[in-house]
>>> print(open('protein_12.txt').read())   # compact mmCIF, C-alpha atoms and all ligand atoms
# COMPACT_ATOMS: atom_id res chain seq x y z
CA MET A 1 97.49 92.00 90.65
CA LEU A 2 98.18 92.66 94.31
CA LEU A 3 100.71 95.47 94.61
CA VAL A 4 102.53 96.96 97.58
CA LYS A 5 103.60 100.53 96.82
CA LYS A 6 105.92 102.20 99.29
CA PHE A 7 106.38 105.97 99.18
CA GLY A 8 109.34 107.50 101.02
CA GLY A 9 109.47 110.78 102.93
CA SER A 10 110.27 113.01 99.96
CA SER A 11 107.37 111.50 97.98
CA VAL A 12 104.85 112.61 100.63
CA ALA A 13 106.66 115.78 101.79
CA ASP A 14 103.74 118.18 101.21
CA PRO A 15 100.02 118.12 100.30
CA GLU A 16 100.72 118.48 96.55
CA ARG A 17 102.97 115.44 96.57
CA ILE A 18 100.45 113.48 98.64
CA ILE A 19 97.80 114.25 96.01
CA ARG A 20 100.22 113.03 93.32
CA VAL A 21 100.75 109.78 95.27
CA ALA A 22 96.99 109.35 95.66
CA SER A 23 96.43 109.87 91.91
CA ARG A 24 99.06 107.29 91.10
CA VAL A 25 97.46 104.78 93.47
CA LYS A 26 94.01 105.53 92.05
CA LYS A 27 95.26 104.75 88.54
CA ALA A 28 96.39 101.29 89.70
CA VAL A 29 93.01 100.69 91.36
CA GLU A 30 91.24 101.71 88.14
CA ARG A 31 93.36 99.17 86.27
CA GLY A 32 91.88 96.55 88.60
CA ASP A 33 94.83 96.10 90.97
CA GLN A 34 94.50 95.63 94.72
CA VAL A 35 96.87 98.07 96.41
CA VAL A 36 98.54 98.31 99.80
CA VAL A 37 100.35 101.62 100.22
CA VAL A 38 103.14 101.84 102.79
CA VAL A 39 104.26 105.34 103.69
CA SER A 40 107.09 107.06 105.52
CA ALA A 41 106.88 110.22 107.57
CA MET A 42 106.57 113.46 105.56
CA GLY A 43 109.88 115.01 104.43
CA ASP A 44 112.30 115.49 107.32
CA THR A 45 109.71 114.78 110.02
CA THR A 46 111.69 111.95 111.62
CA ASP A 47 114.80 114.15 111.93
CA ASP A 48 112.68 117.00 113.30
CA LEU A 49 111.13 114.71 115.94
CA ILE A 50 114.59 113.51 117.01
CA GLY A 51 115.70 117.16 117.29
CA LEU A 52 112.67 117.96 119.41
CA ALA A 53 113.45 115.14 121.86
CA LEU A 54 117.11 116.20 122.10
CA ARG A 55 116.02 119.68 123.15
CA LEU A 56 114.51 118.11 126.25
CA THR A 57 117.17 115.58 127.13
CA PRO A 58 120.49 114.37 125.69
CA CYS A 59 119.53 110.72 126.37
CA PRO A 60 115.83 110.18 125.71
CA SER A 61 114.28 106.91 126.88
CA ALA A 62 114.41 104.40 124.03
CA ARG A 63 110.77 103.45 124.56
CA GLU A 64 109.53 107.05 124.42
CA MET A 65 111.74 107.78 121.41
CA ASP A 66 110.03 104.99 119.44
CA MET A 67 106.64 106.22 120.62
CA LEU A 68 107.57 109.71 119.35
CA LEU A 69 109.09 108.66 116.01
CA SER A 70 106.18 106.38 115.13
CA THR A 71 103.88 109.43 115.06
CA GLY A 72 105.52 110.71 111.84
CA GLU A 73 104.19 107.79 109.80
CA GLN A 74 100.80 108.05 111.52
CA VAL A 75 100.36 111.57 110.13
CA SER A 76 101.18 110.36 106.60
CA ILE A 77 98.76 107.41 106.56
CA ALA A 78 95.84 109.60 107.59
CA LEU A 79 96.65 112.30 105.01
CA VAL A 80 97.22 109.83 102.15
CA SER A 81 93.89 108.14 103.00
CA MET A 82 92.10 111.51 103.00
CA ALA A 83 93.63 112.36 99.61
CA LEU A 84 92.41 109.01 98.24
CA HIS A 85 88.90 109.65 99.63
CA GLN A 86 88.92 113.05 97.92
CA LEU A 87 89.59 111.25 94.62
CA GLY A 88 86.66 108.90 95.29
CA CYS A 89 88.85 105.95 96.20
CA GLY A 90 88.03 103.81 99.27
CA ALA A 91 91.00 103.73 101.66
CA VAL A 92 91.66 102.71 105.25
CA SER A 93 94.75 103.79 107.19
CA MET A 94 96.44 101.37 109.58
CA THR A 95 99.24 101.82 112.07
CA GLY A 96 101.78 98.99 112.28
CA PRO A 97 99.93 97.30 115.17
CA GLN A 98 96.58 97.63 113.35
CA ALA A 99 98.13 96.03 110.27
CA GLY A 100 99.14 93.07 112.48
CA ILE A 101 102.89 93.77 112.45
CA THR A 102 104.64 92.33 115.49
CA THR A 103 108.31 92.86 116.33
CA ASP A 104 110.90 91.93 118.93
CA GLY A 105 111.42 94.44 121.75
CA VAL A 106 114.65 96.09 120.57
CA TYR A 107 113.74 99.78 120.41
CA ALA A 108 115.13 101.79 117.47
CA LYS A 109 116.22 98.65 115.60
CA ALA A 110 113.37 96.21 116.06
CA GLN A 111 112.97 93.24 113.73
CA ILE A 112 109.59 92.13 112.43
CA THR A 113 108.73 88.75 113.99
CA GLY A 114 105.41 88.20 112.25
CA ILE A 115 102.52 89.75 110.34
CA ASN A 116 98.90 88.74 110.79
CA PRO A 117 97.48 89.96 107.47
CA GLU A 118 93.78 89.28 108.25
CA ARG A 119 92.69 92.86 108.75
CA MET A 120 94.56 94.07 105.66
CA GLN A 121 93.03 91.21 103.63
CA ARG A 122 89.55 92.06 104.91
CA GLU A 123 89.88 95.69 103.80
CA LEU A 124 91.32 94.70 100.42
CA GLY A 125 88.38 92.30 100.06
CA ASN A 126 86.02 95.23 100.75
CA GLY A 127 87.56 97.02 97.77
CA ASN A 128 89.60 99.45 99.84
CA VAL A 129 93.20 100.56 99.48
CA VAL A 130 95.10 99.79 102.69
CA VAL A 131 97.41 102.64 103.72
CA GLY A 132 99.88 101.24 106.23
CA ALA A 133 102.45 103.02 108.36
CA GLY A 134 106.02 102.04 107.59
CA PHE A 135 108.86 101.71 110.10
CA GLN A 136 106.75 100.57 113.09
CA GLY A 137 105.29 97.58 114.86
CA ILE A 138 104.32 96.34 118.30
CA SER A 139 106.35 94.10 120.61
CA ALA A 140 105.13 91.12 122.62
CA SER A 141 104.83 93.46 125.62
CA ALA A 142 102.51 95.74 123.58
CA ASP A 143 105.05 98.53 123.21
CA ILE A 144 105.46 100.51 119.98
CA THR A 145 108.80 99.84 118.29
CA THR A 146 110.57 101.22 115.21
CA LEU A 147 112.69 99.31 112.70
CA GLY A 148 115.71 101.62 112.29
CA ARG A 149 116.19 104.57 109.93
CA GLY A 150 114.90 103.78 106.48
CA GLY A 151 112.85 100.90 107.89
CA SER A 152 109.68 101.64 105.91
CA ASP A 153 111.23 99.74 103.00
CA THR A 154 111.35 96.67 105.24
CA THR A 155 107.71 97.11 106.26
CA ALA A 156 106.75 97.18 102.59
CA VAL A 157 108.61 93.98 101.70
CA ALA A 158 107.39 92.17 104.83
CA VAL A 159 103.78 93.15 104.05
CA ALA A 160 104.27 92.04 100.43
CA ALA A 161 105.58 88.68 101.66
CA ALA A 162 102.71 88.23 104.15
CA LEU A 163 100.09 89.05 101.50
CA LYS A 164 101.93 87.11 98.76
CA ALA A 165 101.83 90.28 96.65
CA ASP A 166 102.79 90.12 92.99
CA LEU A 167 105.20 93.07 93.27
CA CYS A 168 106.68 95.42 95.87
CA GLU A 169 107.42 98.86 94.40
CA ILE A 170 109.68 101.22 96.33
CA TYR A 171 108.95 104.77 95.12
CA THR A 172 111.61 107.33 95.98
CA ASP A 173 113.23 110.57 94.82
CA VAL A 174 115.66 108.96 92.33
CA ASP A 175 114.94 106.82 89.25
CA GLY A 176 116.37 103.62 90.72
CA VAL A 177 119.58 102.15 92.08
CA TYR A 178 122.68 103.79 90.62
CA THR A 179 126.36 102.86 90.51
CA ALA A 180 126.89 105.31 93.42
CA ASP A 181 124.94 107.93 95.35
CA PRO A 182 123.84 110.47 92.69
CA ARG A 183 124.28 113.22 95.28
CA VAL A 184 128.01 112.46 95.37
CA VAL A 185 128.90 111.40 91.81
CA PRO A 186 127.50 113.47 88.91
CA ASP A 187 127.85 110.85 86.12
CA VAL A 188 126.30 107.83 87.86
CA ARG A 189 124.65 105.12 85.76
CA LYS A 190 121.27 103.61 86.60
CA LEU A 191 121.26 99.82 86.96
CA GLU A 192 118.45 98.05 85.11
CA GLN A 193 118.70 95.18 87.56
CA ILE A 194 120.84 94.07 90.47
CA SER A 195 121.14 90.79 92.37
CA HIS A 196 119.90 90.51 95.96
CA ASP A 197 123.41 89.78 97.21
CA GLU A 198 124.96 92.84 95.61
CA MET A 199 122.04 95.08 96.65
CA LEU A 200 122.26 93.75 100.20
CA GLU A 201 125.96 94.62 100.34
CA LEU A 202 125.40 98.11 98.90
CA ALA A 203 122.53 98.78 101.32
CA SER A 204 124.43 97.43 104.33
CA LEU A 205 127.48 99.49 103.36
CA GLY A 206 125.59 102.78 103.33
CA ALA A 207 123.49 103.08 100.14
CA VAL A 208 120.36 104.42 101.86
CA VAL A 209 118.19 103.94 98.77
CA LEU A 210 117.09 100.63 100.36
CA HIS A 211 117.01 99.36 103.93
CA PRO A 212 119.24 96.24 104.11
CA ARG A 213 116.63 94.15 105.90
CA ALA A 214 114.16 94.84 103.06
CA VAL A 215 116.56 93.26 100.57
CA GLU A 216 117.15 90.33 102.89
CA LEU A 217 113.42 89.67 103.25
CA ALA A 218 112.85 90.04 99.49
CA LYS A 219 115.43 87.35 98.88
CA LEU A 220 114.19 85.09 101.68
CA TYR A 221 110.53 85.21 100.62
CA GLY A 222 111.08 85.64 96.87
CA VAL A 223 109.29 89.00 96.76
CA PRO A 224 109.70 90.64 93.33
CA MET A 225 110.89 94.17 93.95
CA VAL A 226 111.56 97.35 92.00
CA VAL A 227 112.98 100.75 93.00
CA ARG A 228 111.62 103.65 90.95
CA SER A 229 110.82 107.34 91.04
CA SER A 230 107.57 108.70 92.41
CA PHE A 231 108.05 111.77 90.17
CA ASN A 232 108.04 110.08 86.75
CA GLU A 233 107.08 106.86 84.95
CA ASN A 234 110.65 105.65 84.23
CA PRO A 235 111.11 101.90 84.66
CA GLY A 236 113.43 101.80 87.72
CA THR A 237 115.75 99.03 88.94
CA LEU A 238 114.68 95.41 89.45
CA ILE A 239 116.12 93.56 92.45
CA LYS A 240 116.19 89.92 91.44
CA GLU A 241 118.19 86.73 91.33
CA VAL A 242 120.71 87.36 88.59
CA ASP A 243 122.24 84.47 86.68
CA LYS A 244 125.98 84.07 87.34
CA LEU A 245 126.69 84.45 83.61
CA GLU A 246 124.92 87.80 83.57
CA GLN A 247 127.15 89.14 86.34
CA ALA A 248 129.87 90.35 84.02
CA ALA A 249 130.82 93.51 85.91
CA VAL A 250 133.75 93.21 88.28
CA VAL A 251 132.49 96.20 90.26
CA THR A 252 128.75 96.93 90.15
CA GLY A 253 128.59 99.89 92.51
CA ILE A 254 130.20 102.01 95.19
CA ALA A 255 128.68 102.69 98.59
CA HIS A 256 129.75 105.03 101.33
CA ASP A 257 128.76 105.47 104.93
CA THR A 258 129.54 108.52 107.04
CA ASN A 259 128.05 107.07 110.21
CA VAL A 260 131.26 105.36 111.33
CA ALA A 261 133.13 105.48 114.65
CA LYS A 262 136.19 103.56 115.80
CA ILE A 263 137.20 102.35 119.25
CA GLY A 264 140.67 101.01 120.00
CA LEU A 265 142.00 99.14 123.04
CA PHE A 266 145.78 99.20 123.57
CA ASP A 267 147.95 96.53 125.10
CA VAL A 268 145.20 94.05 125.84
CA GLN A 269 146.25 90.73 127.44
CA ASP A 270 146.86 88.18 124.68
CA GLU A 271 145.02 85.13 126.02
CA PRO A 272 141.95 83.06 125.12
CA GLY A 273 138.57 84.61 125.94
CA ILE A 274 139.48 88.31 125.72
CA ALA A 275 137.85 88.98 122.34
CA SER A 276 134.77 86.98 123.30
CA ARG A 277 134.36 89.04 126.50
CA ILE A 278 134.58 92.32 124.64
CA PHE A 279 132.25 91.43 121.79
CA LEU A 280 129.72 89.51 123.90
CA ALA A 281 129.41 92.55 126.17
CA LEU A 282 128.79 94.79 123.14
CA ALA A 283 126.27 92.32 121.67
CA ALA A 284 124.41 92.22 125.00
CA GLU A 285 123.79 95.97 124.56
CA ASN A 286 122.60 95.43 120.95
CA ILE A 287 125.60 97.30 119.59
CA ASN A 288 126.44 96.22 116.03
CA VAL A 289 130.16 95.90 115.46
CA ASP A 290 131.40 96.14 111.90
CA MET A 291 135.14 95.80 111.23
CA ILE A 292 137.48 94.26 113.81
CA ILE A 293 141.26 94.45 113.66
CA GLN A 294 143.60 92.70 116.08
CA GLY A 295 147.24 93.68 115.82
CA ALA A 296 150.38 91.52 116.05
CA THR A 297 151.30 90.29 119.54
CA ARG A 298 154.19 91.96 121.37
CA GLY A 299 155.26 90.46 124.71
CA GLY A 300 151.90 88.90 125.55
CA ARG A 301 149.97 92.05 124.60
CA ASN A 302 148.17 93.25 121.48
CA ASP A 303 145.81 95.98 120.27
CA ILE A 304 142.18 95.49 119.25
CA ALA A 305 140.23 98.07 117.25
CA PHE A 306 136.69 97.91 115.90
CA THR A 307 134.16 100.14 114.19
CA THR A 308 130.54 100.74 115.06
CA SER A 309 127.98 103.35 114.03
CA ARG A 310 128.48 106.83 115.46
CA ASP A 311 124.97 106.54 116.97
CA ASP A 312 126.20 103.65 119.12
CA LEU A 313 129.56 105.21 120.06
CA SER A 314 128.73 106.52 123.53
CA LYS A 315 127.00 103.26 124.54
CA ALA A 316 129.95 101.25 123.18
CA LEU A 317 132.48 103.45 125.03
CA GLU A 318 130.58 102.90 128.26
CA VAL A 319 130.77 99.12 127.76
CA ILE A 320 134.48 99.24 126.84
CA HIS A 321 135.46 101.48 129.77
CA GLY A 322 133.59 99.05 132.06
CA LEU A 323 135.72 96.18 130.66
CA GLN A 324 139.08 97.94 130.49
CA ASP A 325 140.42 96.44 133.72
CA VAL A 326 138.86 93.01 133.11
CA VAL A 327 140.66 92.61 129.77
CA GLY A 328 143.80 94.31 131.08
CA ALA A 329 143.84 97.11 128.47
CA GLU A 330 146.38 99.87 129.10
CA GLY A 331 144.31 102.46 127.23
CA VAL A 332 141.21 103.15 125.16
CA CYS A 333 140.91 105.61 122.26
CA HIS A 334 138.12 106.53 119.90
CA ALA A 335 137.51 108.51 116.71
CA GLU A 336 134.23 109.58 115.16
CA ASP A 337 135.24 111.67 112.16
CA LEU A 338 135.50 108.60 109.95
CA ALA A 339 133.68 107.14 106.97
CA LYS A 340 133.69 103.93 105.00
CA VAL A 341 133.91 103.56 101.25
CA SER A 342 133.21 100.20 99.59
CA ILE A 343 133.29 98.66 96.15
CA VAL A 344 130.72 95.90 95.55
CA GLY A 345 130.56 93.40 92.71
CA ALA A 346 129.78 89.71 92.36
CA GLY A 347 132.32 89.49 89.52
CA MET A 348 135.33 90.45 91.66
CA VAL A 349 135.67 86.96 93.09
CA SER A 350 137.04 85.77 89.73
CA PHE A 351 139.40 88.73 89.17
CA PRO A 352 142.55 89.05 91.27
CA GLY A 353 143.89 92.52 91.99
CA VAL A 354 140.60 94.38 92.40
CA ALA A 355 141.39 95.34 96.01
CA ALA A 356 144.91 96.43 94.99
CA GLU A 357 143.40 98.65 92.27
CA MET A 358 141.11 100.24 94.86
CA PHE A 359 144.05 100.94 97.21
CA ARG A 360 146.03 102.42 94.33
CA ALA A 361 143.19 104.75 93.33
CA LEU A 362 142.92 105.98 96.93
CA ALA A 363 146.70 106.36 97.24
CA GLU A 364 146.80 108.45 94.06
CA GLU A 365 144.25 110.78 95.65
CA GLY A 366 146.45 111.00 98.77
CA ILE A 367 143.71 109.35 100.86
CA ASN A 368 144.94 107.38 103.86
CA ILE A 369 143.28 104.02 104.59
CA GLU A 370 142.68 103.38 108.31
CA MET A 371 141.10 99.92 108.15
CA ILE A 372 140.29 97.38 105.44
CA SER A 373 137.81 94.54 105.26
CA THR A 374 136.97 92.22 102.39
CA SER A 375 134.47 89.53 101.44
CA GLU A 376 133.93 87.64 98.20
CA ILE A 377 131.89 90.47 96.72
CA LYS A 378 133.14 93.64 98.41
CA VAL A 379 136.15 95.57 99.64
CA SER A 380 135.68 98.30 102.26
CA CYS A 381 138.12 100.92 103.50
CA VAL A 382 137.72 103.24 106.48
CA VAL A 383 138.99 106.73 105.65
CA ASP A 384 138.82 110.21 107.11
CA ARG A 385 135.29 111.60 106.71
CA LYS A 386 136.55 114.70 104.90
CA ASP A 387 138.00 112.45 102.16
CA VAL A 388 135.03 110.16 101.56
CA GLU A 389 133.29 111.97 98.71
CA ARG A 390 136.58 112.31 96.83
CA ALA A 391 137.18 108.59 97.47
CA VAL A 392 133.78 107.63 95.98
CA GLN A 393 134.34 109.87 92.94
CA SER A 394 137.83 108.54 92.23
CA LEU A 395 136.74 104.89 92.59
CA HIS A 396 133.73 105.47 90.35
CA ALA A 397 136.08 106.78 87.66
CA ARG A 398 138.76 104.13 88.23
CA PHE A 399 136.30 101.26 87.76
CA GLU A 400 134.65 103.04 84.79
CA LEU A 401 131.15 102.94 86.20
CA HIS A 402 129.93 106.09 84.43
CA GLU A 403 127.23 106.23 81.78
CA VAL A 404 128.55 104.95 78.44
P1 LIG A 501 113.05 107.71 100.76
O1 LIG A 501 112.68 108.85 101.63
O2 LIG A 501 112.24 107.63 99.51
O3 LIG A 501 113.10 106.40 101.50
P2 LIG A 501 115.93 107.85 100.88
O4 LIG A 501 116.52 109.19 101.11
O5 LIG A 501 115.87 106.92 102.03
O6 LIG A 501 114.50 108.04 100.21
O7 LIG A 501 116.72 107.11 99.68
C1 LIG A 501 116.89 107.75 98.44
C2 LIG A 501 118.27 108.39 98.37
O8 LIG A 501 119.26 107.37 98.41
C3 LIG A 501 118.59 109.11 97.10
O9 LIG A 501 118.13 110.45 97.12
C4 LIG A 501 120.11 109.04 97.01
O10 LIG A 501 120.74 110.23 97.38
C5 LIG A 501 120.48 107.96 98.01
N1 LIG A 501 121.36 106.92 97.46
C6 LIG A 501 122.50 106.46 98.05
N2 LIG A 501 123.09 105.54 97.29
C7 LIG A 501 122.32 105.38 96.20
C8 LIG A 501 122.41 104.55 95.03
N3 LIG A 501 123.42 103.68 94.86
N4 LIG A 501 121.43 104.64 94.12
C9 LIG A 501 120.40 105.49 94.26
N5 LIG A 501 120.26 106.31 95.34
C10 LIG A 501 121.20 106.26 96.30
N1 LIG A 502 110.68 107.80 108.68
C1 LIG A 502 111.74 106.85 108.93
C2 LIG A 502 113.09 107.49 108.66
O1 LIG A 502 113.16 108.66 108.30
C3 LIG A 502 111.57 105.56 108.19
C4 LIG A 502 111.70 105.67 106.70
O2 LIG A 502 111.64 106.76 106.13
O3 LIG A 502 111.85 104.61 106.05
O4 LIG A 502 114.10 106.85 108.83
MG MG A 503 114.54 105.43 102.69
>>> encode(input="protein_12.txt", output="structure tokens")
Amino acid sequence: MLLVKKFGGSSVADPERIIRVASRVKKAVERGDQVVVVVSAMGDTTDDLIGLALRLTPCPSAREMDMLLSTGEQVSIALVSMALHQLGCGAVSMTGPQAGITTDGVYAKAQITGINPERMQRELGNGNVVVGAGFQGISASADITTLGRGGSDTTAVAVAAALKADLCEIYTDVDGVYTADPRVVPDVRKLEQISHDEMLELASLGAVVLHPRAVELAKLYGVPMVVRSSFNENPGTLIKEVDKLEQAAVVTGIAHDTNVAKIGLFDVQDEPGIASRIFLALAAENINVDMIIQGATRGGRNDIAFTTSRDDLSKALEVIHGLQDVVGAEGVCHAEDLAKVSIVGAGMVSFPGVAAEMFRALAEEGINIEMISTSEIKVSCVVDRKDVERAVQSLHARFELHEV
């Protein structure tokens, strides 16, 4: 079998853990598998590198930031390869560019545009383990880019797709995908399997256990994928196409995201083209907008509010202040102490009243809802950040997601 095994930061946080990873990889090689390992930066290295840059300047150049952050993964690939050598296992480390991973030029949230797998295939053919750096690639202008926080998962799935691997295993510090973040809810239940669509929603709505783009690519290229622990042999969670009849649960899981900011524009002119001006200008700066609310019109004026990630807030405010006169807004406000809580489940489309039940559970906790958005398989509410953990816990109980 050809396996891609991705080990996250906590799985390679120190030399002992790196040796454990190497032993696990060696076992697969001894069973006769070909293995590509994809690794993240050790422990909190990426956060530490960001902190280092911010000690020099509050607004580091995006290009230099990606150059800096990509070094974290480069340390890991060399150390994992050395550990494999020590165990008598042939291994070759490769940066993203060496592994043939090309991306667009959007620093900090680049998308993979292609993978030339020749060099990886050559090394696998020579009997070596390939140890590739997650989270990075090279743009058409030969600049190093990174794929966004958590992006090593996406590297792993993209490499698995390019090599037509039999399985992509995401090894992390929990046993699989749970009904909510185990750090927030004590009695979470592990899911044996979950559909791509539900996993994509959970990941996009804040469940950091998988990078959303990784799930998207797994679905697009039909890459079989499992999330499991690097600390034990438990079976983990399969991400796969799930038959409609198997999707009995109304709510499969709860996600939360504390990286939420809101911007509001008051008394904007109510005429065609205003919303397109605002959101095209934000898109031109690569700012992702999440929820959008436009209020009722009063005397040719209305209010528009939207959410974005807190990381993008200052850039978004700059764009909005630049447009304030053009769109005739009387005022602009913003808030950054917000969070989003979401329920996700493919079954909810057939059951009326799920959203109402969510609102009632939050109301009973005295939690105020600032914004709401829904789709066929999720309902999200923006709440005060201080309330979000309580919101997740109460919804987990209300929808009876605990271990039975
Ligand atoms: P890695 O460094 O291995 O990529 P991450 O920290 O990115 O690990 O992801 C694993 C973490 O995801 C877990 O420790 C857990 O706290 C968090 N998490 C959030 N939501 C979920 C969920 N629904 N199921 C499992 N883990 C979750
Ligand atoms: N090291 C990067 C991060 O911390 C990428 C990853 O871990 O997936 O976000
Ligand atoms: Mg991760």
>>> residues_near_ligand(input="protein_12.txt", ligand="ligand MG 503 (chain A)", cutoff="10 Å", atoms="all atoms listed in the file", output="list in words")
Lys6, Phe7, Gly8, Gly9, Ser10, Ser40, Arg149, Gly150, Gly151, Ser152, Asp153, Thr154, Ile170, Tyr171, Thr172, Asp173, Ala207, Val208, Val209, Leu210 and His211 of chain A
>>> closest_residue(input="protein_12.txt", among="A:Ser61, A:Asn288, A:Ser81, A:Gln34", to="Asn126 in chain A", atoms="all atoms listed in the file")
A:Gln34
>>> closest_residue(input="protein_12.txt", among="A:Pro235, A:Gly43, A:Gly206, A:Gly328", to="Val344 in chain A", atoms="all atoms listed in the file")
A:Gly206
>>> closest_residue(input="protein_12.txt", among="A:Val392, A:Met371, A:Val80, A:Leu323", to="Arg183 in chain A", atoms="all atoms listed in the file")
A:Val392
>>> residues_around(input="protein_12.txt", residues="range 282-286 of chain A", least_positions_apart="5", cutoff="10 Å", atoms="all atoms listed in the file", output="PyMOL selection string")
chain A and resi 106-107+109+276-277+312+315-320
>>> closest_residue(input="protein_12.txt", among="A:Phe135, A:Tyr221, A:Phe359, A:Phe306", to="Cys168 in chain A", atoms="all atoms listed in the file")
A:Tyr221
>>> atom_distance(input="protein_12.txt", atom1="CA of Met42 in chain A", atom2="atom O5 of ligand LIG 501 (chain A)")
11.9 Å
>>> residues_around(input="protein_12.txt", residues="Ala255 in chain A", least_positions_apart="4", cutoff="10 Å", atoms="all atoms listed in the file", output="list in words")
Thr179, Ala180, Asp181, Glu201, Leu202, Ala203, Ser204, Leu205, Gly206, Ala207, Val208, Lys340, Val341, Ser342, Ile343, Val344, Ser380 and Val392 of chain A
>>> closest_residue(input="protein_12.txt", among="A:Asn128, A:Ser93, A:Thr57, A:Thr146", to="ligand LIG 502 (chain A)", atoms="only C-alpha atoms and all ligand atoms")
A:Thr146
>>> closest_residue(input="protein_12.txt", among="A:Arg213, A:Lys26, A:Arg189, A:Arg390", to="ligand LIG 502 (chain A)", atoms="all atoms listed in the file")
A:Arg213
>>> residues_around(input="protein_12.txt", residues="Ala329 in chain A", least_positions_apart="5", cutoff="7 Å", atoms="only C-alpha atoms", output="PyMOL selection string")
chain A and resi 265-269+324
>>> write_last_selection(input="protein_12.txt", atoms="C-alpha atoms", output="PDB file, in the frame of the given file")
ATOM      1  CA  LEU A 265     142.000  99.140 123.040  1.00  0.00           C
ATOM      2  CA  PHE A 266     145.780  99.200 123.570  1.00  0.00           C
ATOM      3  CA  ASP A 267     147.950  96.530 125.100  1.00  0.00           C
ATOM      4  CA  VAL A 268     145.200  94.050 125.840  1.00  0.00           C
ATOM      5  CA  GLN A 269     146.250  90.730 127.440  1.00  0.00           C
ATOM      6  CA  GLN A 324     139.080  97.940 130.490  1.00  0.00           C
TER       7      GLN A 324
END
>>> residues_near_point(input="protein_12.txt", point="(99.8, 94.4, 106.8)", cutoff="12 Å", atoms="all atoms listed in the file", output="VMD selection string")
chain A and resid 4 35 to 38 92 to 102 112 114 to 124 129 to 134 136 to 137 154 to 165
>>> atom_distance(input="protein_12.txt", atom1="atom O1 of ligand LIG 501 (chain A)", atom2="CA of Ala41 in chain A")
8.4 Å
>>> atom_distance(input="protein_12.txt", atom1="CA of Thr252 in chain A", atom2="atom O4 of ligand LIG 502 (chain A)")
25.7 Å
>>> axis_aligned_box(input="protein_12.txt", around="ligand LIG 501 (chain A)", padding_each_side="3 Å", output="JSON")
{"center_x": 117.8, "center_y": 107.1, "center_z": 98.1, "size_x": 17.2, "size_y": 12.8, "size_z": 13.9}
